[in-house]
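**Q** Take this structure, written in structure tokens, and hold onto it; I'll ask about it next.
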Amino acid sequence: MKAIQISRTGGLDVLDTVELPTPAPGPGEVLVKASAIGVNYFDTMIRTGRYRWMPKLPFVLGNEMSGHVSALGPGVTTLAIGQPVFIAGYEIGNRGGLYAEYAAVPEKAAWPLPAGVDADAATALTNYQLAWILLHHAARGVTPKTVVVYGAAGGVGSALIDVARLAGATVIGTAGGAEKCAFARSRGAAHAIDYSRENVVERVLALTDGHGADIVFDHVAGKAFTDGLKMVAPLGMIVSYAVLAGMPETDLFKEMRANIEKSPAVRCFTMHTYDHMEEPRREAMERAVELIGSGKVRPAIAARLPMAEARRAHELIEARTAMGKIVLKP
């Protein structure tokens with residue numbers, strides 16, 4: 001079978017198409033033939049050697065695959081050959097291996113997909129799982145009347161818009177450029193702020209009559225991170241779930257005390273918190289499958305590329321030009 005592997009870290013050129021033996025399902029495992037493979041930002045972090053939980057090399061990337069069961073290992077009882085399924089990396093120990101034509105995984109790691117769910121759309125399930133956890137777990141204790149979603153045109157950002165909107169929240173999205181702002185509004189954001197042209201803090205305060213947002217979902221961090229404290233509502237929270245622009249440069253606690261009249265909170269979050277917390281992790285995936293299966297949400301697909309063009313997929317992610325999910329087709 002063909003797969004995309006890295007033997008060293010670096011630029012796009014380290015992504016190699018290789019020929020590997022097609023795996024055979026062992027006891028309690030199923031073999032899944034891929035129909036669509038999701039591309040995630042942290043795939044680019046692994047490729048460049050920046051991921052905190054780096055795997056050993058050589059490594060086949062990929063933690064999101066939808067397809068159908070093509071073979072059963074001994075002892076499998078809940079799945080059948082031909083059944084459409086989704087594999088989430090969280091259920092196989094984030095071991096990767098899903099930028100490939102086939103994957104052998106434990107029966108429990110292959111999520112049955114409801115009839116009619118598009119294979120490409122299913123690759124966004126982990127985005128919706130994360131969005132659900134960010135809103136209902138990471139931000140627990142805060143009533144989400146108004147939320148700010150950074151990067152609202154991305155895969156996770158657009159999923160957050162959906163999940164927050166369905167929870168009854170008014171969503172304010174931020175994005176770079178008029179086209180991405182229009183996309184965020186088309187996805188259900190009540191307002192979209194072009195951070196390349198507008199002052200985000202001032203606009204959020206104006207849109208909320210000075211009250212601020214109950215939750216700010218920030219995957220950027222960087223030197224402007226503490227500015228978010230100025231636009232949270234009283235007893236509001238910033239949920240920081242990535243640091244794409246690096247660590248904050250100011251004293252976080254000092255800035256929190258400077259905004260003490262709001263009693264702000266900051267939650268630093270990673271899905272690796274759930275590596276050994278199976279029940280809430282799987283519950284969130286059940287909610288994600290339900291949302292997509294019921295048609296309540298329709299994931300945005302930014303691009304569909306042949307698996308052999310994985311370098312182009314990573315290029316699109318790093319350029320931050322894609323709006324929605326990038327999918328590789330084996």
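Note on naming: chains are A, B, ... as they come in the structure tokens, residues start from 1 per chain, ligands start from 1 in the order shown.
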Taking 3 positions as the minimum chain separation for residues in the same chain, which residues sit within 8 Å of Pro248 (chain A) when counting only C-alpha atoms? Answer as a PyMOL selection string.

**A** chain A and resi 221-226+251-252

**Q** Let me make sure I understand: among A:Leu31, A:Met247, A:Val149, A:Met54, which one has the smallest atom-to-atom distance to Asn94 (chain A) if we use only C-alpha atoms?

**A**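 Between A:Leu31, A:Met247, A:Val149, A:Met54, the residue approaching Asn94 (chain A) most closely is A:Met54.
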
**Q** Write down as a PyMOL selection string the residues belonging to region 181-269 of chain A that are assigned strand (DSSP E or B) by DSSP computed on the backbone.

**A** chain A and resi 191-194+213-218+232-240+265-268

**Q** Could you turn the residues from that selection into a file that holds N, CA and C atoms, as a short mmCIF file (atom, residue, chain, number, x, y, z; two decimals), in the first residue's frame?

**A**
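Final output, out.cif:
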```cif
data_model
loop_
_atom_site.label_atom_id
_atom_site.label_comp_id
_atom_site.auth_asym_id
_atom_site.auth_seq_id
_atom_site.Cartn_x
_atom_site.Cartn_y
_atom_site.Cartn_z
N HIS A 191 -21.14 37.85 14.06
CA HIS A 191 -20.25 38.95 13.67
C HIS A 191 -18.89 38.35 13.30
N ALA A 192 -18.18 39.02 12.42
CA ALA A 192 -16.84 38.61 12.04
C ALA A 192 -15.94 39.84 12.04
N ILE A 193 -14.81 39.73 12.70
CA ILE A 193 -13.87 40.84 12.83
C ILE A 193 -12.61 40.52 12.02
N ASP A 194 -12.24 41.43 11.13
CA ASP A 194 -11.03 41.28 10.34
C ASP A 194 -9.86 41.81 11.16
N ALA A 213 -16.94 39.31 26.19
CA ALA A 213 -17.32 37.95 25.82
C ALA A 213 -17.16 37.03 27.01
N ASP A 214 -18.08 36.08 27.14
CA ASP A 214 -17.99 35.12 28.24
C ASP A 214 -16.82 34.17 28.06
N ILE A 215 -16.55 33.77 26.81
CA ILE A 215 -15.43 32.87 26.53
C ILE A 215 -14.70 33.38 25.30
N VAL A 216 -13.38 33.36 25.35
CA VAL A 216 -12.54 33.65 24.20
C VAL A 216 -11.74 32.38 23.91
N PHE A 217 -11.95 31.80 22.73
CA PHE A 217 -11.20 30.60 22.32
C PHE A 217 -9.99 31.06 21.50
N ASP A 218 -8.81 30.87 22.09
CA ASP A 218 -7.58 31.42 21.52
C ASP A 218 -6.60 30.28 21.22
N VAL A 232 -12.87 40.09 28.02
CA VAL A 232 -13.71 39.07 28.63
C VAL A 232 -14.73 39.75 29.54
N ALA A 233 -15.88 39.13 29.64
CA ALA A 233 -16.94 39.62 30.52
C ALA A 233 -16.58 39.30 31.98
N PRO A 234 -17.26 39.91 32.93
CA PRO A 234 -17.03 39.53 34.33
C PRO A 234 -17.19 38.02 34.52
N LEU A 235 -16.21 37.40 35.19
CA LEU A 235 -16.15 35.95 35.42
C LEU A 235 -16.02 35.17 34.11
N GLY A 236 -15.52 35.86 33.08
CA GLY A 236 -15.30 35.21 31.80
C GLY A 236 -13.99 34.45 31.77
N MET A 237 -13.74 33.77 30.66
CA MET A 237 -12.58 32.88 30.57
C MET A 237 -11.96 32.93 29.18
N ILE A 238 -10.63 32.88 29.14
CA ILE A 238 -9.90 32.63 27.91
C ILE A 238 -9.51 31.16 27.91
N VAL A 239 -9.85 30.45 26.85
CA VAL A 239 -9.42 29.06 26.69
C VAL A 239 -8.31 29.05 25.65
N SER A 240 -7.10 28.78 26.10
CA SER A 240 -5.93 28.74 25.22
C SER A 240 -5.65 27.30 24.88
N ALA A 265 -10.53 34.35 34.10
CA ALA A 265 -9.89 33.04 34.21
C ALA A 265 -9.20 32.70 32.90
N VAL A 266 -8.16 31.88 33.00
CA VAL A 266 -7.46 31.38 31.82
C VAL A 266 -7.32 29.86 31.96
N ARG A 267 -7.76 29.15 30.95
CA ARG A 267 -7.59 27.70 30.92
C ARG A 267 -6.61 27.34 29.80
N CYS A 268 -5.52 26.67 30.15
CA CYS A 268 -4.60 26.14 29.15
C CYS A 268 -5.00 24.70 28.88
#
```

**Q** Using DSSP assignments from the backbone, pull out every residue in region 101-241 of chain A that falls under helix (DSSP H, G or I) and give it to me as a ChimeraX atom specification.

**A** /A:107-109,119-122,125-138,155-166,178-186,200-207,225-230

**Q** How about saving the chosen residues, C-alpha atoms kept, as a PDB file, in the first residue's frame?

**A**
```pdb
ATOM      1  CA  GLU A 107     -12.290  -2.658  16.815  1.00  0.00           C
ATOM      2  CA  LYS A 108     -13.142  -0.005  19.408  1.00  0.00           C
ATOM      3  CA  ALA A 109     -11.110   2.618  17.526  1.00  0.00           C
ATOM      4  CA  ALA A 119     -16.524  10.273   3.963  1.00  0.00           C
ATOM      5  CA  ASP A 120     -14.913  13.672   3.400  1.00  0.00           C
ATOM      6  CA  ALA A 121     -17.141  15.341   5.990  1.00  0.00           C
ATOM      7  CA  ALA A 122     -16.360  12.574   8.470  1.00  0.00           C
ATOM      8  CA  LEU A 125     -15.137  14.600  13.351  1.00  0.00           C
ATOM      9  CA  THR A 126     -12.083  15.209  15.522  1.00  0.00           C
ATOM     10  CA  ASN A 127     -12.531  18.956  14.963  1.00  0.00           C
ATOM     11  CA  TYR A 128     -16.070  18.689  16.321  1.00  0.00           C
ATOM     12  CA  GLN A 129     -14.932  16.428  19.147  1.00  0.00           C
ATOM     13  CA  LEU A 130     -12.368  19.063  20.134  1.00  0.00           C
ATOM     14  CA  ALA A 131     -14.883  21.899  19.752  1.00  0.00           C
ATOM     15  CA  TRP A 132     -17.363  20.066  21.986  1.00  0.00           C
ATOM     16  CA  ILE A 133     -14.736  19.511  24.669  1.00  0.00           C
ATOM     17  CA  LEU A 134     -13.482  23.098  24.471  1.00  0.00           C
ATOM     18  CA  LEU A 135     -16.978  24.481  25.028  1.00  0.00           C
ATOM     19  CA  HIS A 136     -18.467  21.964  27.442  1.00  0.00           C
ATOM     20  CA  HIS A 137     -15.389  20.742  29.338  1.00  0.00           C
ATOM     21  CA  ALA A 138     -12.508  23.222  29.107  1.00  0.00           C
ATOM     22  CA  GLY A 155     -11.291  23.645  10.566  1.00  0.00           C
ATOM     23  CA  VAL A 156     -11.500  23.885  14.362  1.00  0.00           C
ATOM     24  CA  GLY A 157     -12.731  27.469  14.260  1.00  0.00           C
ATOM     25  CA  SER A 158     -15.662  26.659  11.969  1.00  0.00           C
ATOM     26  CA  ALA A 159     -16.503  23.647  14.176  1.00  0.00           C
ATOM     27  CA  LEU A 160     -16.465  25.893  17.243  1.00  0.00           C
ATOM     28  CA  ILE A 161     -18.889  28.247  15.521  1.00  0.00           C
ATOM     29  CA  ASP A 162     -21.292  25.351  14.951  1.00  0.00           C
ATOM     30  CA  VAL A 163     -21.018  23.886  18.450  1.00  0.00           C
ATOM     31  CA  ALA A 164     -21.295  27.248  20.215  1.00  0.00           C
ATOM     32  CA  ARG A 165     -24.213  28.344  18.043  1.00  0.00           C
ATOM     33  CA  LEU A 166     -26.098  25.129  18.774  1.00  0.00           C
ATOM     34  CA  ALA A 178     -12.838  40.052   4.027  1.00  0.00           C
ATOM     35  CA  GLU A 179     -13.241  36.670   2.336  1.00  0.00           C
ATOM     36  CA  LYS A 180     -12.570  34.717   5.525  1.00  0.00           C
ATOM     37  CA  CYS A 181     -14.871  37.013   7.509  1.00  0.00           C
ATOM     38  CA  ALA A 182     -17.653  36.402   4.996  1.00  0.00           C
ATOM     39  CA  PHE A 183     -17.004  32.670   5.317  1.00  0.00           C
ATOM     40  CA  ALA A 184     -17.269  32.853   9.128  1.00  0.00           C
ATOM     41  CA  ARG A 185     -20.602  34.664   8.853  1.00  0.00           C
ATOM     42  CA  SER A 186     -21.849  32.081   6.363  1.00  0.00           C
ATOM     43  CA  VAL A 200     -10.349  43.074  17.964  1.00  0.00           C
ATOM     44  CA  VAL A 201     -10.663  44.178  21.607  1.00  0.00           C
ATOM     45  CA  GLU A 202     -12.413  47.426  20.696  1.00  0.00           C
ATOM     46  CA  ARG A 203     -14.792  45.687  18.285  1.00  0.00           C
ATOM     47  CA  VAL A 204     -15.727  42.954  20.766  1.00  0.00           C
ATOM     48  CA  LEU A 205     -16.452  45.517  23.465  1.00  0.00           C
ATOM     49  CA  ALA A 206     -18.500  47.585  21.013  1.00  0.00           C
ATOM     50  CA  LEU A 207     -20.495  44.551  19.863  1.00  0.00           C
ATOM     51  CA  PHE A 225      -2.472  37.081  24.305  1.00  0.00           C
ATOM     52  CA  THR A 226      -3.112  39.173  27.410  1.00  0.00           C
ATOM     53  CA  ASP A 227      -5.100  41.697  25.346  1.00  0.00           C
ATOM     54  CA  GLY A 228      -7.871  39.124  25.513  1.00  0.00           C
ATOM     55  CA  LEU A 229      -8.247  39.852  29.234  1.00  0.00           C
ATOM     56  CA  LYS A 230      -9.544  43.291  28.292  1.00  0.00           C
TER      57      LYS A 230
END
```

**Q** Which residue is closest to Thr170 (chain A)? Choose from A:Ile87, A:Val60, A:Leu316, A:Ala190 and count only C-alpha atoms.

**A**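 Going through A:Ile87, A:Val60, A:Leu316, A:Ala190 one by one, the smallest distance to Thr170 (chain A) is for A:Ala190.
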
**Q** Could you check how far CA of Asp43 (chain A) sits from CA of Arg95 (chain A), in Å to one decimal?

**A**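 That distance, rounded to one decimal, is 11.8 Å.
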
**Q** Residues within 12 Å of Tyr51 (chain A), please, as a ChimeraX atom specification. Count only C-alpha atoms; anything in the same chain fewer than 6 positions from it doesn't count.

**A** /A:9,41-45,242-244
